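Okay, model_13.txt now, which holds compact mmCIF, C-alpha atoms:
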# COMPACT_ATOMS: atom_id res chain seq x y z
CA MET A 1 71.21 102.43 115.25
CA ALA A 2 73.08 102.10 118.57
CA THR A 3 76.59 103.46 119.00
CA LEU A 4 78.50 101.98 116.10
CA ILE A 5 82.22 101.34 115.69
CA LEU A 6 83.43 101.22 112.08
CA ILE A 7 86.82 99.57 111.64
CA ARG A 8 88.71 100.12 108.42
CA GLY A 9 90.65 96.95 107.59
CA GLY A 10 90.08 93.38 108.64
CA GLY A 11 93.61 92.09 109.20
CA GLU A 12 95.18 90.80 112.38
CA MET A 13 95.48 94.10 114.33
CA ALA A 14 92.06 95.34 113.24
CA SER A 15 90.52 91.98 114.12
CA GLY A 16 92.15 92.03 117.55
CA ALA A 17 90.52 95.42 118.15
CA ALA A 18 87.17 94.15 116.87
CA PHE A 19 87.40 91.12 119.16
CA ARG A 20 87.98 93.26 122.25
CA LEU A 21 85.07 95.57 121.39
CA LEU A 22 82.69 92.75 120.57
CA ARG A 23 83.45 90.94 123.80
CA VAL A 24 82.15 93.92 125.78
CA GLY A 25 78.98 94.20 123.70
CA MET A 26 79.80 96.97 121.23
CA GLN A 27 78.47 96.96 117.67
CA VAL A 28 81.24 96.63 115.10
CA VAL A 29 81.22 96.87 111.30
CA MET A 30 84.42 96.31 109.30
CA THR A 31 85.44 97.26 105.77
CA GLU A 32 87.92 95.62 103.43
CA LEU A 33 89.31 95.52 99.91
CA PRO A 34 87.82 93.16 97.30
CA GLN A 35 91.00 91.03 97.59
CA PRO A 36 92.62 91.53 101.02
CA LEU A 37 96.33 90.69 101.31
CA VAL A 38 95.95 89.35 104.83
CA VAL A 39 98.58 86.85 106.01
CA ARG A 40 97.12 85.61 109.32
CA ARG A 41 93.81 84.64 107.72
CA THR A 42 92.72 82.18 110.44
CA VAL A 43 92.48 85.02 112.99
CA SER A 44 91.36 87.82 110.67
CA PHE A 45 87.76 88.75 109.92
CA ALA A 46 88.92 89.81 106.44
CA GLU A 47 88.79 86.14 105.49
CA ALA A 48 84.99 86.52 105.28
CA ILE A 49 85.58 88.36 101.99
CA TYR A 50 86.83 85.10 100.46
CA ALA A 51 84.87 82.52 102.46
CA GLY A 52 81.58 84.39 102.82
CA GLU A 53 81.64 83.68 106.53
CA VAL A 54 84.43 83.10 109.04
CA THR A 55 84.54 82.45 112.78
CA VAL A 56 87.44 83.67 114.91
CA GLU A 57 87.52 82.54 118.54
CA GLY A 58 83.76 82.10 118.65
CA ILE A 59 82.83 85.32 116.82
CA THR A 60 81.41 85.05 113.30
CA ALA A 61 81.79 87.61 110.53
CA SER A 62 79.83 87.69 107.26
CA ARG A 63 80.63 89.35 103.94
CA VAL A 64 78.40 92.17 102.72
CA PRO A 65 79.21 92.83 99.03
CA ASP A 66 77.38 96.18 98.81
CA PRO A 67 78.50 98.75 101.43
CA ASN A 68 75.26 100.68 100.82
CA ASP A 69 73.05 97.68 101.67
CA THR A 70 72.00 98.96 105.09
CA LEU A 71 69.28 96.32 105.49
CA ARG A 72 71.78 93.49 105.08
CA ILE A 73 74.23 95.18 107.44
CA LEU A 74 71.50 95.45 110.09
CA THR A 75 70.49 91.84 109.50
CA VAL A 76 74.04 90.62 110.12
CA LEU A 77 74.30 92.79 113.23
CA GLY A 78 70.96 91.37 114.39
CA ARG A 79 72.47 87.88 114.24
CA GLN A 80 75.19 89.09 116.63
CA GLN A 81 77.74 88.82 113.82
CA VAL A 82 80.22 91.23 112.25
CA PRO A 83 79.39 92.63 108.81
CA VAL A 84 82.54 92.83 106.68
CA LEU A 85 81.83 95.22 103.83
CA VAL A 86 83.55 95.18 100.45
CA ASP A 87 84.27 98.90 100.61
CA PRO A 88 87.65 99.98 99.21
CA ASN A 89 86.59 103.63 99.04
CA PHE A 90 85.10 103.70 102.54
CA VAL A 91 81.74 105.04 101.35
CA SER A 92 80.04 103.34 104.32
CA ALA A 93 81.43 105.99 106.67
CA ARG A 94 79.04 108.55 105.20
CA SER A 95 76.02 106.25 105.08
CA LEU A 96 76.43 104.54 108.47
CA ARG A 97 77.70 107.66 110.29
CA PRO A 98 79.52 105.74 113.03
CA ALA A 99 80.36 107.33 116.36
CA VAL A 100 83.89 105.90 116.18
CA ILE A 101 86.19 105.05 113.29
CA VAL A 102 89.24 102.86 113.87
CA ASP A 103 91.73 102.86 111.01
CA GLY A 104 93.41 99.48 111.35
CA ARG A 105 94.74 99.04 107.82
CA MET A 106 98.36 99.29 108.99
CA THR A 107 99.42 101.13 105.82
CA LYS A 108 102.04 103.08 107.82
CA GLN A 109 100.98 106.16 105.87
CA PRO A 110 98.88 109.21 106.87
CA PRO A 111 95.19 108.53 106.19
CA GLU A 112 93.43 110.15 103.25
CA PRO A 113 90.30 112.33 103.81
CA ILE A 114 87.08 110.31 104.03
CA GLY A 115 84.45 113.05 103.92
CA TYR A 116 83.04 112.30 107.35
CA ILE A 117 84.07 113.34 110.87
CA PRO A 118 83.11 110.91 113.67
CA GLN A 119 83.05 111.72 117.36
CA LEU A 120 86.31 109.79 117.74
CA TYR A 121 88.89 108.78 115.11
CA ILE A 122 91.51 106.26 116.25
CA GLY A 123 94.56 105.24 114.23
CA LEU A 124 96.72 102.17 114.71
CA GLY A 125 100.47 102.47 114.42
CA PRO A 126 102.83 104.57 112.28
CA GLY A 127 101.39 107.17 109.93
CA PHE A 128 99.04 108.59 112.55
CA VAL A 129 99.71 111.68 114.65
CA ALA A 130 97.24 112.37 117.44
CA GLY A 131 95.99 115.94 117.26
CA GLU A 132 96.74 116.16 113.54
CA ASN A 133 95.22 113.35 111.46
CA CYS A 134 93.39 111.50 114.26
CA GLN A 135 92.32 112.10 117.83
CA ALA A 136 94.09 109.08 119.31
CA VAL A 137 96.72 106.66 118.10
CA VAL A 138 97.50 103.22 119.55
CA GLU A 139 101.06 101.90 119.58
CA THR A 140 101.47 98.69 117.55
CA ARG A 141 105.19 98.06 117.99
CA ARG A 142 106.25 95.50 120.58
CA GLY A 143 107.87 96.88 123.71
CA HIS A 144 106.84 98.76 126.82
CA THR A 145 104.56 101.10 124.86
CA LEU A 146 102.64 98.39 122.95
CA GLY A 147 98.89 99.04 123.22
CA ARG A 148 99.32 102.47 124.82
CA VAL A 149 97.04 105.30 123.72
CA PHE A 150 98.57 108.61 122.65
CA TRP A 151 96.35 111.70 122.63
CA GLN A 152 99.17 113.90 121.36
CA GLY A 153 102.00 113.03 119.03
CA ALA A 154 102.95 109.88 117.17
CA PRO A 155 103.82 106.28 118.07
CA ASP A 156 107.22 104.77 117.35
CA PRO A 157 108.21 105.20 113.68
CA ASP A 158 108.22 102.31 111.26
CA THR A 159 111.63 100.63 111.20
CA GLY A 160 110.93 98.76 107.98
CA LEU A 161 112.09 95.57 109.70
CA PRO A 162 109.94 92.65 110.88
CA GLU A 163 109.80 91.92 114.59
CA GLY A 164 111.74 88.89 115.76
CA ASN A 165 113.64 86.65 113.36
CA PRO A 166 113.37 88.24 109.89
CA ALA A 167 113.69 84.79 108.29
CA ARG A 168 110.18 83.93 109.48
CA VAL A 169 108.67 86.38 106.98
CA LEU A 170 108.00 84.70 103.64
CA ARG A 171 108.23 87.05 100.65
CA ALA A 172 107.30 86.71 97.00
CA PRO A 173 110.45 85.84 94.98
CA ALA A 174 108.97 87.37 91.81
CA ASP A 175 105.95 89.11 90.33
CA GLY A 176 103.13 86.72 89.54
CA ILE A 177 100.30 84.60 90.92
CA LEU A 178 100.85 82.87 94.25
CA THR A 179 99.93 79.18 94.20
CA SER A 180 100.05 76.82 97.16
CA ALA A 181 98.38 73.68 98.45
CA ALA A 182 99.60 74.42 101.99
CA LEU A 183 97.20 75.04 104.83
CA ILE A 184 97.84 77.40 107.70
CA GLY A 185 98.90 75.16 110.57
CA ASP A 186 100.87 72.73 108.39
CA HIS A 187 104.39 71.74 109.46
CA PHE A 188 107.31 72.29 107.10
CA ASP A 189 110.90 71.11 107.35
CA THR A 190 113.81 73.26 106.22
CA GLY A 191 113.90 73.54 102.44
CA GLU A 192 110.41 72.23 101.76
CA VAL A 193 108.31 74.12 99.22
CA ILE A 194 105.54 76.17 100.82
CA ALA A 195 104.29 78.10 97.79
CA ASP A 196 105.21 79.20 94.29
CA VAL A 197 105.16 82.55 92.49
CA GLY A 198 105.81 82.75 88.76
CA GLY A 199 107.55 79.38 88.75
CA GLN A 200 109.86 80.33 91.62
CA PRO A 201 109.40 78.38 94.87
CA ILE A 202 109.12 79.79 98.37
CA LEU A 203 111.10 77.45 100.61
CA ALA A 204 110.86 76.98 104.36
CA PRO A 205 113.93 78.76 105.84
CA PHE A 206 113.75 76.54 108.94
CA SER A 207 111.47 73.90 110.44
CA GLY A 208 108.21 75.24 111.78
CA VAL A 209 104.49 75.67 111.35
CA LEU A 210 102.91 77.87 108.70
CA ARG A 211 101.33 80.60 110.82
CA GLY A 212 99.98 82.65 107.93
CA LEU A 213 99.69 82.74 104.15
CA ILE A 214 97.83 85.13 101.87
CA HIS A 215 94.98 83.71 99.84
CA PRO A 216 96.31 81.53 96.98
CA GLY A 217 95.53 82.82 93.51
CA LEU A 218 96.32 86.45 94.25
CA VAL A 219 98.64 88.48 92.05
CA VAL A 220 101.65 89.58 94.09
CA THR A 221 104.75 91.70 93.51
CA LYS A 222 108.34 90.73 94.21
CA GLY A 223 109.27 91.27 97.85
CA LEU A 224 105.68 91.39 99.15
CA LYS A 225 105.11 89.63 102.47
CA VAL A 226 103.02 86.57 101.64
CA GLY A 227 103.48 84.28 104.63
CA ASP A 228 104.79 83.69 108.14
CA LEU A 229 106.60 80.58 109.41
CA ASP A 230 106.65 80.00 113.18
CA PRO A 231 109.62 78.11 114.69
CA ARG A 232 107.63 77.36 117.85
CA ASP A 233 105.93 74.70 115.72
CA ASP A 234 102.63 74.80 117.64
CA PRO A 235 99.62 74.72 115.28
CA ARG A 236 97.27 75.85 118.06
CA MET A 237 98.78 79.34 117.87
CA CYS A 238 97.58 79.65 114.28
CA HIS A 239 93.99 79.88 115.50
CA LEU A 240 94.48 82.24 118.43
CA ILE A 241 94.52 86.03 118.22
CA SER A 242 98.04 87.11 119.17
CA ASP A 243 99.00 88.82 122.40
CA LYS A 244 100.08 91.81 120.30
CA ALA A 245 96.70 92.15 118.57
CA LEU A 246 94.87 91.83 121.89
CA ALA A 247 97.09 94.51 123.44
CA VAL A 248 96.34 96.85 120.54
CA GLY A 249 92.64 96.02 120.91
CA GLY A 250 92.85 96.90 124.59
CA GLY A 251 94.23 100.30 123.66
CA VAL A 252 91.34 100.89 121.27
CA LEU A 253 88.85 99.93 123.96
CA GLU A 254 90.54 102.27 126.45
CA ALA A 255 90.39 105.17 124.00
CA ILE A 256 86.70 104.64 123.30
CA LEU A 257 85.65 104.23 126.95
CA SER A 258 87.70 107.19 128.15
CA ARG A 259 86.64 109.75 125.56
CA LEU A 260 83.47 108.80 123.71
CA GLU A 261 81.13 110.20 126.37
CA LYS A 262 83.16 113.34 127.01

Rewrite the structure from the file as structure tokens, please.
Amino acid sequence: MATLILIRGGGEMASGAAFRLLRVGMQVVMTELPQPLVVRRTVSFAEAIYAGEVTVEGITASRVPDPNDTLRILTVLGRQQVPVLVDPNFVSARSLRPAVIVDGRMTKQPPEPIGYIPQLYIGLGPGFVAGENCQAVVETRRGHTLGRVFWQGAPDPDTGLPEGNPARVLRAPADGILTSAALIGDHFDTGEVIADVGGQPILAPFSGVLRGLIHPGLVVTKGLKVGDLDPRDDPRMCHLISDKALAVGGGVLEAILSRLEK
């Protein structure tokens, strides 16, 4: 197998990194949970877990239920697609033996041991410290350091606050199952019902377009981020990888090209 990049996580930041790498011809495999809690599903390869197949800006990803099914992984790669493995325990790292691992789960916690050491281990955002639990870390917080690669030390710490207007973040009002007939890209006026959890509605805090929503039918806990409302009210943005994710992806590409051959 040619040089392989294994990305842990299939959410927005991880997908932005995958997109950058795929556009320059690198081979990428991604792993995800059986039920990803991804909000920006229209621009995240994790959506392949639910849909079986998803296309983001011209690049198609396909679900691979068994992370040990090497033949199926190779078949998907042969179709110039991205295999998205159902692999919560990351067992594929030991079987695929990738040259590079990118941890894009955005857990904001130090990574747990995986039982395999690649040539290059890259972490995204808080929780990673270059020289300690990874070789390189890419800044994910907006500002002058967004997308920069650190070979020593840590990126900016997690503030616990959403970027921009905090009202845009839709959170579960209770524990329960999220139900919604809304589609990402739909317009909502202030006060309209977007979704429901345990009989409690999630109302639009202002007028805007639904930029993201986790997969309906999932069990959620009170306070969990379940959606994102965009006051710019432009549905086209719901289907474009964000500038932030592309900047992070550029940092991942820089790290790989500058160190992999050294």

Using all atoms listed in the file, find each residue of stretch 6-111 of chain A with at least one atom at most 9 Å away from an atom of stretch 215-225 of chain A; report its shortest atom-to-atom pair and that distance in Å (one decimal), sort the rows by chain and rising residue number, and return the result as a tab-separated table.
residue	atom	partner	partner_atom	distance
A:Gln35	CA	A:Leu218	CA	7.8
A:Pro36	CA	A:His215	CA	8.3
A:Leu37	CA	A:His215	CA	7.3
A:Val38	CA	A:His215	CA	7.6
A:Val39	CA	A:His215	CA	7.8
A:Arg41	CA	A:His215	CA	8.0
A:Glu47	CA	A:His215	CA	8.7
A:Tyr50	CA	A:His215	CA	8.3

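When all atoms listed in the file are used to compute distances to A:Leu178, the closest of the residues A:Val64, A:Leu96, A:Leu22, A:Leu213 turns out to be A:Leu213.
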
I need every residue sitting at most 9 Å from the point (94.5, 91.0, 113.9) (coordinates as in the file, all atoms listed in the file considered), written as a ChimeraX atom specification. /A:10-19,40-41,43-45,104,241-242,244-246,249

Contacts of A:Cys134 at 8 Å (all atoms listed in the file; same-chain gap of 6+ positions) as a PyMOL selection string: chain A and resi 121-123+128

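Taking all atoms listed in the file, the non-local environment of A:Glu32 within 8 Å (same-chain residues fewer than 3 positions away omitted) comprises Arg8, Gly9, Gly10, Pro36, Ala46, Ile49, Val84, Leu85, Val86, Asp87 and Pro88 of chain A.
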
Could you save those same residues with C-alpha atoms as an mmCIF file, keeping the file's coordinate frame?
data_model
loop_
_atom_site.group_PDB
_atom_site.id
_atom_site.type_symbol
_atom_site.label_atom_id
_atom_site.label_comp_id
_atom_site.auth_asym_id
_atom_site.auth_seq_id
_atom_site.Cartn_x
_atom_site.Cartn_y
_atom_site.Cartn_z
ATOM 1 C CA ARG A 8 88.710 100.120 108.420
ATOM 2 C CA GLY A 9 90.650 96.950 107.590
ATOM 3 C CA GLY A 10 90.080 93.380 108.640
ATOM 4 C CA PRO A 36 92.620 91.530 101.020
ATOM 5 C CA ALA A 46 88.920 89.810 106.440
ATOM 6 C CA ILE A 49 85.580 88.360 101.990
ATOM 7 C CA VAL A 84 82.540 92.830 106.680
ATOM 8 C CA LEU A 85 81.830 95.220 103.830
ATOM 9 C CA VAL A 86 83.550 95.180 100.450
ATOM 10 C CA ASP A 87 84.270 98.900 100.610
ATOM 11 C CA PRO A 88 87.650 99.980 99.210
#

Could you pull the residues within 12 Å of A:Ile73, counting only C-alpha atoms, minus those fewer than 5 positions along the same chain, as a list in words?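 Residues near the query, excluding close chain neighbours: Met1, Leu4, Leu6, Gln27, Val28, Val29, Met30, Thr31, Ala61, Ser62, Arg63, Val64, Pro65, Asp66, Pro67, Asn68, Gly78, Arg79, Gln80, Gln81, Val82, Pro83, Val84, Leu85, Val86, Ser92, Ser95 and Leu96 of chain A.
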
From the options A:Val169, A:Ala130, A:Leu240, A:Ala195, which residue's atoms come nearest to A:Ala181, counting all atoms listed in the file? A:Ala195

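The closest residue to A:Glu254, picked from A:Asp103, A:Lys108, A:Ala136, A:Ala93 and counting all atoms listed in the file, is A:Ala136.
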
Could you name the residues that touch stretch 227-231 of chain A at 6 Å or less, counting all atoms listed in the file, but leaving out those on the same chain fewer than 6 positions away, as a list of chain:residue names?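 What passes the distance filter is A:Val39, A:Arg168, A:Val169, A:Leu170, A:Gly208, A:Val209, A:Leu210, A:Arg211, A:Gly212, A:Leu213.
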
Measuring atom to atom with only C-alpha atoms, identify which of A:Val102, A:Val24, A:Leu33, A:Val56 is nearest to A:Ala255.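 Checking each candidate against A:Ala255, we get A:Val102 as the closest.
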
I need the residue nearest A:Arg105 from this list: A:Ala174, A:Ile7, A:Ile117, A:Val138. Use only C-alpha atoms for the distance.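 Among the listed residues, the smallest separation from A:Arg105 belongs to A:Ile7.
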